[in-house]
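Raw protein.cif, mmCIF, N, CA and C atoms:
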```
data_model
#
loop_
_atom_site.label_atom_id
_atom_site.label_comp_id
_atom_site.auth_asym_id
_atom_site.auth_seq_id
_atom_site.Cartn_x
_atom_site.Cartn_y
_atom_site.Cartn_z
N MET A 14 68.64 96.78 96.40
CA MET A 14 68.93 95.61 97.19
C MET A 14 69.91 95.97 98.29
N HIS A 15 69.72 95.39 99.43
CA HIS A 15 70.58 95.65 100.59
C HIS A 15 71.19 94.36 101.09
N VAL A 16 72.32 94.49 101.78
CA VAL A 16 72.88 93.35 102.48
C VAL A 16 71.86 92.92 103.54
N THR A 17 71.62 91.62 103.65
CA THR A 17 70.65 91.14 104.63
C THR A 17 71.30 90.99 106.00
N TYR A 18 70.47 90.88 107.01
CA TYR A 18 70.98 90.64 108.35
C TYR A 18 71.79 89.34 108.39
N GLU A 19 71.29 88.31 107.72
CA GLU A 19 71.98 87.02 107.69
C GLU A 19 73.35 87.14 107.02
N GLN A 20 73.40 87.89 105.92
CA GLN A 20 74.69 88.11 105.26
C GLN A 20 75.64 88.90 106.16
N ALA A 21 75.10 89.90 106.84
CA ALA A 21 75.92 90.71 107.75
C ALA A 21 76.51 89.84 108.85
N GLU A 22 75.71 88.96 109.40
CA GLU A 22 76.19 88.06 110.46
C GLU A 22 77.26 87.11 109.92
N MET A 23 77.09 86.61 108.70
CA MET A 23 78.10 85.75 108.08
C MET A 23 79.42 86.50 107.88
N ALA A 24 79.32 87.74 107.42
CA ALA A 24 80.52 88.56 107.19
C ALA A 24 81.24 88.83 108.50
N ILE A 25 80.49 89.16 109.54
CA ILE A 25 81.11 89.42 110.84
C ILE A 25 81.78 88.16 111.37
N ALA A 26 81.12 87.01 111.25
CA ALA A 26 81.72 85.75 111.72
C ALA A 26 83.03 85.46 110.99
N ALA A 27 83.06 85.66 109.68
CA ALA A 27 84.28 85.41 108.91
C ALA A 27 85.38 86.41 109.28
N ALA A 28 85.00 87.66 109.52
CA ALA A 28 85.97 88.67 109.92
C ALA A 28 86.54 88.35 111.31
N ILE A 29 85.69 87.94 112.23
CA ILE A 29 86.15 87.55 113.57
C ILE A 29 87.12 86.37 113.46
N GLU A 30 86.78 85.40 112.63
CA GLU A 30 87.65 84.23 112.45
C GLU A 30 89.04 84.66 111.96
N GLU A 31 89.07 85.57 110.98
CA GLU A 31 90.36 86.04 110.45
C GLU A 31 91.11 86.87 111.49
N ALA A 32 90.42 87.72 112.22
CA ALA A 32 91.07 88.51 113.26
C ALA A 32 91.68 87.61 114.33
N THR A 33 90.95 86.58 114.70
CA THR A 33 91.44 85.62 115.69
C THR A 33 92.66 84.88 115.15
N ARG A 34 92.61 84.50 113.89
CA ARG A 34 93.72 83.78 113.26
C ARG A 34 95.01 84.59 113.29
N ILE A 35 94.89 85.92 113.11
CA ILE A 35 96.09 86.76 113.10
C ILE A 35 96.33 87.43 114.46
N SER A 36 95.61 86.96 115.47
CA SER A 36 95.82 87.38 116.87
C SER A 36 95.63 88.88 117.10
N THR A 37 94.49 89.38 116.65
CA THR A 37 94.17 90.78 116.90
C THR A 37 92.71 90.91 117.28
N GLN A 38 92.35 92.03 117.88
CA GLN A 38 90.97 92.30 118.26
C GLN A 38 90.47 93.48 117.43
N MET A 39 89.30 93.33 116.88
CA MET A 39 88.78 94.31 115.94
C MET A 39 87.37 94.78 116.29
N CYS A 40 87.04 95.94 115.79
CA CYS A 40 85.66 96.41 115.70
C CYS A 40 85.27 96.21 114.24
N ILE A 41 84.10 95.64 114.02
CA ILE A 41 83.66 95.27 112.67
C ILE A 41 82.25 95.80 112.46
N ALA A 42 82.07 96.60 111.42
CA ALA A 42 80.77 97.20 111.12
C ALA A 42 80.33 96.81 109.72
N ILE A 43 79.05 96.53 109.58
CA ILE A 43 78.43 96.28 108.27
C ILE A 43 77.32 97.32 108.09
N VAL A 44 77.34 97.99 106.94
CA VAL A 44 76.26 98.92 106.60
C VAL A 44 75.54 98.40 105.36
N ASP A 45 74.28 98.80 105.21
CA ASP A 45 73.52 98.44 104.01
C ASP A 45 73.83 99.44 102.90
N SER A 46 73.17 99.32 101.77
CA SER A 46 73.48 100.17 100.62
C SER A 46 73.12 101.64 100.84
N GLY A 47 72.35 101.93 101.87
CA GLY A 47 72.08 103.32 102.23
C GLY A 47 73.05 103.84 103.27
N ALA A 48 74.07 103.07 103.59
CA ALA A 48 75.10 103.39 104.57
C ALA A 48 74.56 103.42 106.00
N ASP A 49 73.45 102.73 106.24
CA ASP A 49 72.91 102.62 107.59
C ASP A 49 73.46 101.37 108.24
N LEU A 50 73.82 101.47 109.51
CA LEU A 50 74.41 100.36 110.24
C LEU A 50 73.47 99.17 110.27
N LYS A 51 73.97 98.02 109.85
CA LYS A 51 73.19 96.79 109.81
C LYS A 51 73.60 95.85 110.95
N ALA A 52 74.91 95.77 111.21
CA ALA A 52 75.41 94.91 112.27
C ALA A 52 76.77 95.44 112.72
N PHE A 53 77.08 95.17 113.98
CA PHE A 53 78.34 95.65 114.54
C PHE A 53 78.79 94.72 115.66
N VAL A 54 80.10 94.55 115.78
CA VAL A 54 80.66 93.83 116.92
C VAL A 54 81.97 94.50 117.33
N ARG A 55 82.18 94.58 118.62
CA ARG A 55 83.47 94.98 119.18
C ARG A 55 84.00 93.75 119.89
N MET A 56 85.04 93.15 119.31
CA MET A 56 85.63 91.97 119.92
C MET A 56 86.19 92.32 121.29
N ASN A 57 86.29 91.34 122.17
CA ASN A 57 86.84 91.58 123.49
C ASN A 57 88.22 92.23 123.37
N ASN A 58 88.41 93.27 124.16
CA ASN A 58 89.68 94.01 124.24
C ASN A 58 89.98 94.87 123.02
N ALA A 59 89.07 95.00 122.06
CA ALA A 59 89.28 95.92 120.93
C ALA A 59 89.20 97.35 121.46
N TRP A 60 89.96 98.22 120.84
CA TRP A 60 89.99 99.61 121.28
C TRP A 60 88.62 100.28 121.15
N VAL A 61 88.26 101.05 122.15
CA VAL A 61 87.01 101.81 122.11
C VAL A 61 87.05 102.83 120.97
N GLY A 62 88.20 103.42 120.74
CA GLY A 62 88.33 104.39 119.65
C GLY A 62 88.10 103.81 118.28
N SER A 63 88.22 102.49 118.16
CA SER A 63 88.02 101.84 116.87
C SER A 63 86.55 101.67 116.50
N VAL A 64 85.65 101.86 117.46
CA VAL A 64 84.21 101.73 117.18
C VAL A 64 83.82 102.72 116.09
N ASP A 65 84.08 104.00 116.32
CA ASP A 65 83.71 105.05 115.37
C ASP A 65 84.45 104.87 114.04
N ILE A 66 85.72 104.50 114.11
CA ILE A 66 86.51 104.34 112.90
C ILE A 66 85.94 103.23 112.01
N ALA A 67 85.60 102.08 112.61
CA ALA A 67 85.06 100.97 111.82
C ALA A 67 83.76 101.38 111.13
N ILE A 68 82.88 102.04 111.86
CA ILE A 68 81.60 102.47 111.27
C ILE A 68 81.84 103.47 110.14
N LYS A 69 82.75 104.42 110.36
CA LYS A 69 83.02 105.42 109.32
C LYS A 69 83.72 104.81 108.12
N LYS A 70 84.56 103.81 108.33
CA LYS A 70 85.17 103.13 107.18
C LYS A 70 84.09 102.45 106.34
N ALA A 71 83.15 101.76 106.98
CA ALA A 71 82.08 101.11 106.23
C ALA A 71 81.25 102.15 105.47
N LYS A 72 80.89 103.23 106.12
CA LYS A 72 80.09 104.27 105.46
C LYS A 72 80.85 104.89 104.30
N THR A 73 82.13 105.18 104.50
CA THR A 73 82.94 105.77 103.44
C THR A 73 83.00 104.87 102.22
N ALA A 74 83.25 103.57 102.45
CA ALA A 74 83.31 102.61 101.33
C ALA A 74 81.98 102.53 100.60
N CYS A 75 80.89 102.62 101.35
CA CYS A 75 79.56 102.57 100.75
C CYS A 75 79.24 103.85 99.98
N PHE A 76 79.52 104.99 100.58
CA PHE A 76 79.21 106.27 99.94
C PHE A 76 79.83 106.39 98.55
N PHE A 77 81.06 105.88 98.41
CA PHE A 77 81.80 106.10 97.17
C PHE A 77 82.06 104.84 96.37
N GLY A 78 81.62 103.67 96.85
CA GLY A 78 81.81 102.44 96.11
C GLY A 78 83.27 102.12 95.85
N MET A 79 84.12 102.49 96.81
CA MET A 79 85.56 102.27 96.67
C MET A 79 86.13 101.81 98.00
N ASN A 80 87.23 101.06 97.93
CA ASN A 80 87.96 100.74 99.14
C ASN A 80 88.45 102.05 99.77
N THR A 81 88.42 102.12 101.08
CA THR A 81 88.83 103.36 101.74
C THR A 81 90.29 103.70 101.47
N GLY A 82 91.13 102.71 101.30
CA GLY A 82 92.53 102.96 100.98
C GLY A 82 92.69 103.66 99.63
N GLN A 83 91.82 103.32 98.67
CA GLN A 83 91.87 103.98 97.36
C GLN A 83 91.48 105.44 97.49
N ILE A 84 90.48 105.72 98.32
CA ILE A 84 90.07 107.11 98.54
C ILE A 84 91.22 107.87 99.20
N GLY A 85 91.92 107.19 100.13
CA GLY A 85 93.05 107.82 100.78
C GLY A 85 94.14 108.23 99.81
N GLU A 86 94.39 107.39 98.82
CA GLU A 86 95.40 107.73 97.81
C GLU A 86 95.00 108.97 97.03
N LEU A 87 93.70 109.12 96.77
CA LEU A 87 93.21 110.26 95.99
C LEU A 87 93.06 111.53 96.83
N SER A 88 93.08 111.38 98.15
CA SER A 88 92.81 112.54 99.01
C SER A 88 94.06 113.12 99.66
N GLN A 89 95.22 112.74 99.18
CA GLN A 89 96.47 113.31 99.70
C GLN A 89 96.59 114.76 99.23
N PRO A 90 97.38 115.57 99.94
CA PRO A 90 97.58 116.96 99.50
C PRO A 90 97.96 117.01 98.02
N GLY A 91 97.24 117.83 97.28
CA GLY A 91 97.43 117.94 95.84
C GLY A 91 96.63 116.94 95.04
N GLY A 92 95.99 115.98 95.72
CA GLY A 92 95.21 114.96 95.04
C GLY A 92 93.85 115.47 94.62
N LYS A 93 93.20 114.73 93.73
CA LYS A 93 91.91 115.14 93.18
C LYS A 93 90.81 115.21 94.23
N LEU A 94 90.94 114.44 95.32
CA LEU A 94 89.91 114.44 96.37
C LEU A 94 90.42 115.03 97.68
N TYR A 95 91.45 115.84 97.61
CA TYR A 95 92.01 116.43 98.82
C TYR A 95 90.93 117.14 99.64
N GLY A 96 90.84 116.79 100.91
CA GLY A 96 89.87 117.40 101.81
C GLY A 96 88.55 116.65 101.91
N ILE A 97 88.36 115.58 101.13
CA ILE A 97 87.08 114.86 101.12
C ILE A 97 86.72 114.30 102.49
N GLU A 98 87.72 113.99 103.31
CA GLU A 98 87.44 113.38 104.61
C GLU A 98 86.64 114.31 105.53
N HIS A 99 86.53 115.56 105.18
CA HIS A 99 85.75 116.50 105.97
C HIS A 99 84.27 116.52 105.59
N SER A 100 83.91 115.79 104.54
CA SER A 100 82.51 115.75 104.11
C SER A 100 81.76 114.65 104.86
N ASN A 101 80.45 114.62 104.72
CA ASN A 101 79.60 113.55 105.23
C ASN A 101 79.80 113.27 106.72
N ASN A 102 79.98 114.31 107.51
CA ASN A 102 80.21 114.17 108.95
C ASN A 102 81.46 113.36 109.26
N GLY A 103 82.43 113.39 108.38
CA GLY A 103 83.71 112.73 108.61
C GLY A 103 83.82 111.39 107.92
N LEU A 104 84.82 111.28 107.07
CA LEU A 104 85.11 110.03 106.38
C LEU A 104 86.44 109.48 106.88
N ILE A 105 86.67 108.21 106.67
CA ILE A 105 87.96 107.60 106.96
C ILE A 105 88.57 107.21 105.63
N THR A 106 89.78 107.68 105.39
CA THR A 106 90.40 107.49 104.07
C THR A 106 91.69 106.68 104.15
N PHE A 107 91.72 105.69 105.04
CA PHE A 107 92.83 104.74 105.05
C PHE A 107 92.23 103.34 105.06
N PRO A 108 93.01 102.30 104.72
CA PRO A 108 92.47 100.96 104.49
C PRO A 108 91.68 100.37 105.66
N GLY A 109 90.71 99.50 105.29
CA GLY A 109 89.88 98.80 106.26
C GLY A 109 88.40 98.88 105.94
N GLY A 110 88.03 99.64 104.92
CA GLY A 110 86.64 99.73 104.47
C GLY A 110 86.54 99.21 103.05
N ILE A 111 85.60 98.27 102.83
CA ILE A 111 85.45 97.65 101.51
C ILE A 111 83.96 97.58 101.15
N PRO A 112 83.59 98.01 99.95
CA PRO A 112 82.20 97.85 99.50
C PRO A 112 81.85 96.37 99.36
N ILE A 113 80.58 96.06 99.51
CA ILE A 113 80.08 94.71 99.26
C ILE A 113 79.21 94.80 98.01
N VAL A 114 79.61 94.06 96.99
CA VAL A 114 78.94 94.09 95.70
C VAL A 114 78.44 92.68 95.39
N ASP A 115 77.21 92.57 94.92
CA ASP A 115 76.69 91.24 94.58
C ASP A 115 77.20 90.79 93.21
N GLU A 116 76.83 89.58 92.82
CA GLU A 116 77.32 89.01 91.56
C GLU A 116 76.84 89.76 90.33
N ASP A 117 75.83 90.62 90.48
CA ASP A 117 75.34 91.43 89.37
C ASP A 117 76.01 92.80 89.32
N GLY A 118 76.97 93.04 90.21
CA GLY A 118 77.65 94.33 90.25
C GLY A 118 76.90 95.39 91.02
N VAL A 119 75.92 94.98 91.81
CA VAL A 119 75.11 95.92 92.59
C VAL A 119 75.73 96.11 93.97
N LEU A 120 75.96 97.35 94.33
CA LEU A 120 76.47 97.69 95.66
C LEU A 120 75.37 97.43 96.68
N ILE A 121 75.59 96.47 97.60
CA ILE A 121 74.55 96.12 98.58
C ILE A 121 74.93 96.55 99.99
N GLY A 122 76.13 97.09 100.17
CA GLY A 122 76.56 97.52 101.49
C GLY A 122 78.06 97.65 101.54
N ALA A 123 78.59 97.65 102.77
CA ALA A 123 80.04 97.74 102.94
C ALA A 123 80.41 97.24 104.33
N ILE A 124 81.68 96.90 104.48
CA ILE A 124 82.24 96.50 105.77
C ILE A 124 83.33 97.49 106.15
N GLY A 125 83.44 97.74 107.43
CA GLY A 125 84.52 98.56 107.96
C GLY A 125 85.13 97.85 109.15
N VAL A 126 86.47 97.81 109.19
CA VAL A 126 87.18 97.12 110.26
C VAL A 126 88.26 98.04 110.80
N SER A 127 88.38 98.09 112.12
CA SER A 127 89.42 98.88 112.76
C SER A 127 89.89 98.19 114.03
N GLY A 128 91.17 98.36 114.33
CA GLY A 128 91.69 97.82 115.58
C GLY A 128 93.12 97.36 115.53
N SER A 129 93.74 97.39 114.36
CA SER A 129 95.11 96.91 114.22
C SER A 129 95.81 97.80 113.20
N THR A 130 96.80 97.26 112.51
CA THR A 130 97.43 98.01 111.43
C THR A 130 96.42 98.12 110.29
N VAL A 131 96.62 99.09 109.41
CA VAL A 131 95.68 99.23 108.30
C VAL A 131 95.76 98.01 107.38
N GLU A 132 96.92 97.37 107.30
CA GLU A 132 97.04 96.16 106.49
C GLU A 132 96.18 95.04 107.08
N ASN A 133 96.24 94.88 108.41
CA ASN A 133 95.41 93.87 109.07
C ASN A 133 93.93 94.22 108.97
N ASP A 134 93.61 95.49 109.12
CA ASP A 134 92.21 95.92 109.01
C ASP A 134 91.66 95.53 107.64
N HIS A 135 92.42 95.81 106.58
CA HIS A 135 91.97 95.48 105.22
C HIS A 135 91.84 93.96 105.05
N GLN A 136 92.80 93.22 105.56
CA GLN A 136 92.78 91.76 105.44
C GLN A 136 91.55 91.17 106.12
N VAL A 137 91.22 91.66 107.30
CA VAL A 137 90.05 91.16 108.03
C VAL A 137 88.76 91.59 107.32
N ALA A 138 88.71 92.82 106.82
CA ALA A 138 87.54 93.27 106.08
C ALA A 138 87.33 92.42 104.83
N LYS A 139 88.40 92.14 104.12
CA LYS A 139 88.30 91.33 102.90
C LYS A 139 87.77 89.94 103.22
N ALA A 140 88.23 89.36 104.32
CA ALA A 140 87.74 88.03 104.72
C ALA A 140 86.24 88.08 104.97
N GLY A 141 85.75 89.17 105.55
CA GLY A 141 84.32 89.30 105.79
C GLY A 141 83.52 89.43 104.52
N VAL A 142 84.01 90.21 103.59
CA VAL A 142 83.29 90.43 102.32
C VAL A 142 83.27 89.16 101.48
N GLU A 143 84.36 88.44 101.44
CA GLU A 143 84.47 87.31 100.52
C GLU A 143 83.44 86.20 100.76
N VAL A 144 82.86 86.12 101.96
CA VAL A 144 81.86 85.07 102.21
C VAL A 144 80.47 85.46 101.71
N ILE A 145 80.27 86.73 101.39
CA ILE A 145 78.92 87.16 100.97
C ILE A 145 78.87 87.94 99.68
N GLY A 146 80.01 88.34 99.15
CA GLY A 146 79.96 89.17 97.95
C GLY A 146 81.30 89.25 97.27
N LEU A 147 81.41 90.20 96.40
CA LEU A 147 82.62 90.42 95.64
C LEU A 147 83.37 91.60 96.22
N THR A 148 84.70 91.57 96.07
CA THR A 148 85.48 92.72 96.51
C THR A 148 85.97 93.54 95.33
N ASP A 149 86.00 92.95 94.14
CA ASP A 149 86.42 93.69 92.96
C ASP A 149 85.19 94.32 92.32
N LEU A 150 85.20 95.62 92.26
CA LEU A 150 84.05 96.36 91.77
C LEU A 150 84.08 96.52 90.26
N PRO A 151 82.91 96.50 89.63
CA PRO A 151 82.87 96.86 88.22
C PRO A 151 83.24 98.34 88.07
N ALA A 152 83.50 98.77 86.87
CA ALA A 152 83.93 100.14 86.64
C ALA A 152 82.96 101.16 87.23
N HIS A 153 81.67 100.94 87.12
CA HIS A 153 80.68 101.86 87.64
C HIS A 153 79.59 101.08 88.39
N PRO A 154 79.86 100.73 89.65
CA PRO A 154 78.84 99.96 90.38
C PRO A 154 77.59 100.79 90.57
N TRP A 155 76.49 100.11 90.64
CA TRP A 155 75.22 100.77 90.93
C TRP A 155 75.29 101.37 92.32
N ARG A 156 74.79 102.55 92.49
CA ARG A 156 74.83 103.21 93.80
C ARG A 156 73.44 103.70 94.16
N THR A 157 73.14 103.70 95.47
CA THR A 157 71.86 104.23 95.93
C THR A 157 71.92 105.74 95.99
#
```
Could you quickly redo this structure as structure tokens?
Amino acid sequence: MHVTYEQAEMAIAAAIEEATRISTQMCIAIVDSGADLKAFVRMNNAWVGSVDIAIKKAKTACFFGMNTGQIGELSQPGGKLYGIEHSNNGLITFPGGIPIVDEDGVLIGAIGVSGSTVENDHQVAKAGVEVIGLTDLPAHPWRT
């Protein structure tokens, strides 16, 4: 199962609403369960450099079924995943990427947000996910 176009549009709308509420401009990417781009928006005045980061955050969250911030904690020097960001044509291992899981615990895609502080990126991503899925993952989500 994949995130639908309609779900992706709902997630982007909710993320834009949250970004606007906190007075920031974001790039917002939604990928399906195969980590292929489903929908994307660059809000007016969002950084051009955030385009690639948002997409990579979404892909990273999808590839590993984890929030990107969690992967970042594990990939610090001496950590169990140290160096992982060099795999898969580049991963992003700081907050702003969140898997999208349906009510059955199935990973259906992910969202990636970039353009502000990592705390704001995560907050906006979470707002996008919450309208279409769950943010708390089961211990072993289904993966493609």
Counting only N, CA and C atoms, the option among A:His99, A:Lys51, A:Asp45, A:Asn57 closest to Glu22 (chain A):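 With only N, CA and C atoms as the atom set, the closest residue is A:Lys51.
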Quick one: residues within 12 Å of Met39 (chain A), only C-alpha atoms counted, chain neighbours fewer than 6 positions away excluded, as an MDAnalysis selection string? chainID A and resid 25:26 28:33 53:68 109 125:131 133:138
If you run DSSP on the backbone, which residues of chain A are alpha helix (DSSP H), as a count of residues only? 53
I need the residues in region 36-107 of chain A that are strand (DSSP E or B) according to DSSP; give them as a VMD selection string. chain A and resid 40 to 45 50 to 55
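Taking CA of Arg34 (chain A) and CA of Lys69 (chain A) as endpoints, the distance between them is 24.5 Å.
Once the PyMOL selection byres ((chain A and resi 75-81) around 5) is applied to this file, the selection holds Ala71, Lys72, Thr73, Ala74, Gly82, Gln83, Ile84, Gly85, Thr106, Phe107, Pro108, Gly110, Ile111 and Pro112 of chain A.
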With only C-alpha atoms as the atoms that count, which of A:Glu98, A:Ile145, A:Val119, A:Ala24 lies nearest to Glu86 (chain A)?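 Checking each of A:Glu98, A:Ile145, A:Val119, A:Ala24 against Glu86 (chain A), counting only C-alpha atoms, the winner is A:Glu98.
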The residues within 6.5 Å of (70.6, 92.5, 93.6), using only N, CA and C atoms and the coordinates of the file, should be reported as a list in words; which are they?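 The residues near that point, listed by chain and number, are Met14, Asp115, Asp117 and Val119 of chain A.
Relative to atom N of Glu143 (chain A), atom N of Gly96 (chain A) is found at 29.1 Å.
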Could you check how far atom N of Ala42 (chain A) sits from atom C of Leu94 (chain A), in Å to one decimal? 24.5 Å
Which is closer to Leu104 (chain A) than all the others in A:Ala140, A:Lys70, A:Ala123, A:Tyr18, using only C-alpha atoms?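 Of the candidates, the smallest distance to Leu104 (chain A) is held by A:Lys70.
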Missing atoms in region 45-63 of chain A: fill them in up to N, CA, C and O atoms and send the result as a short mmCIF file (atom, residue, chain, number, x, y, z; two decimals), in the frame of the given file.
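New file rebuild25.cif:
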```cif
data_model
loop_
_atom_site.label_atom_id
_atom_site.label_comp_id
_atom_site.auth_asym_id
_atom_site.auth_seq_id
_atom_site.Cartn_x
_atom_site.Cartn_y
_atom_site.Cartn_z
N ASP A 45 74.28 98.80 105.21
CA ASP A 45 73.52 98.44 104.01
C ASP A 45 73.83 99.44 102.90
O ASP A 45 74.65 100.34 103.08
N SER A 46 73.17 99.32 101.77
CA SER A 46 73.48 100.17 100.62
C SER A 46 73.12 101.64 100.84
O SER A 46 73.56 102.50 100.09
N GLY A 47 72.35 101.93 101.87
CA GLY A 47 72.08 103.32 102.23
C GLY A 47 73.05 103.84 103.27
O GLY A 47 72.87 104.94 103.79
N ALA A 48 74.07 103.07 103.59
CA ALA A 48 75.10 103.39 104.57
C ALA A 48 74.56 103.42 106.00
O ALA A 48 75.15 104.05 106.88
N ASP A 49 73.45 102.73 106.24
CA ASP A 49 72.91 102.62 107.59
C ASP A 49 73.46 101.37 108.24
O ASP A 49 73.55 100.30 107.61
N LEU A 50 73.82 101.47 109.51
CA LEU A 50 74.41 100.36 110.24
C LEU A 50 73.47 99.17 110.27
O LEU A 50 72.31 99.28 110.65
N LYS A 51 73.97 98.02 109.85
CA LYS A 51 73.19 96.79 109.81
C LYS A 51 73.60 95.85 110.95
O LYS A 51 72.76 95.21 111.56
N ALA A 52 74.91 95.77 111.21
CA ALA A 52 75.41 94.91 112.27
C ALA A 52 76.77 95.44 112.72
O ALA A 52 77.50 96.05 111.94
N PHE A 53 77.08 95.17 113.98
CA PHE A 53 78.34 95.65 114.54
C PHE A 53 78.79 94.72 115.66
O PHE A 53 77.95 94.19 116.40
N VAL A 54 80.10 94.55 115.78
CA VAL A 54 80.66 93.83 116.92
C VAL A 54 81.97 94.50 117.33
O VAL A 54 82.74 94.95 116.48
N ARG A 55 82.18 94.58 118.62
CA ARG A 55 83.47 94.98 119.18
C ARG A 55 84.00 93.75 119.89
O ARG A 55 83.47 93.34 120.92
N MET A 56 85.04 93.15 119.31
CA MET A 56 85.63 91.97 119.92
C MET A 56 86.19 92.32 121.29
O MET A 56 86.52 93.49 121.55
N ASN A 57 86.29 91.34 122.17
CA ASN A 57 86.84 91.58 123.49
C ASN A 57 88.22 92.23 123.37
O ASN A 57 89.04 91.82 122.56
N ASN A 58 88.41 93.27 124.16
CA ASN A 58 89.68 94.01 124.24
C ASN A 58 89.98 94.87 123.02
O ASN A 58 91.08 95.42 122.93
N ALA A 59 89.07 95.00 122.06
CA ALA A 59 89.28 95.92 120.93
C ALA A 59 89.20 97.35 121.46
O ALA A 59 88.47 97.64 122.41
N TRP A 60 89.96 98.22 120.84
CA TRP A 60 89.99 99.61 121.28
C TRP A 60 88.62 100.28 121.15
O TRP A 60 87.94 100.13 120.13
N VAL A 61 88.26 101.05 122.15
CA VAL A 61 87.01 101.81 122.11
C VAL A 61 87.05 102.83 120.97
O VAL A 61 86.05 103.04 120.28
N GLY A 62 88.20 103.42 120.74
CA GLY A 62 88.33 104.39 119.65
C GLY A 62 88.10 103.81 118.28
O GLY A 62 87.80 104.53 117.32
N SER A 63 88.22 102.49 118.16
CA SER A 63 88.02 101.84 116.87
C SER A 63 86.55 101.67 116.50
O SER A 63 86.24 101.38 115.35
#
```
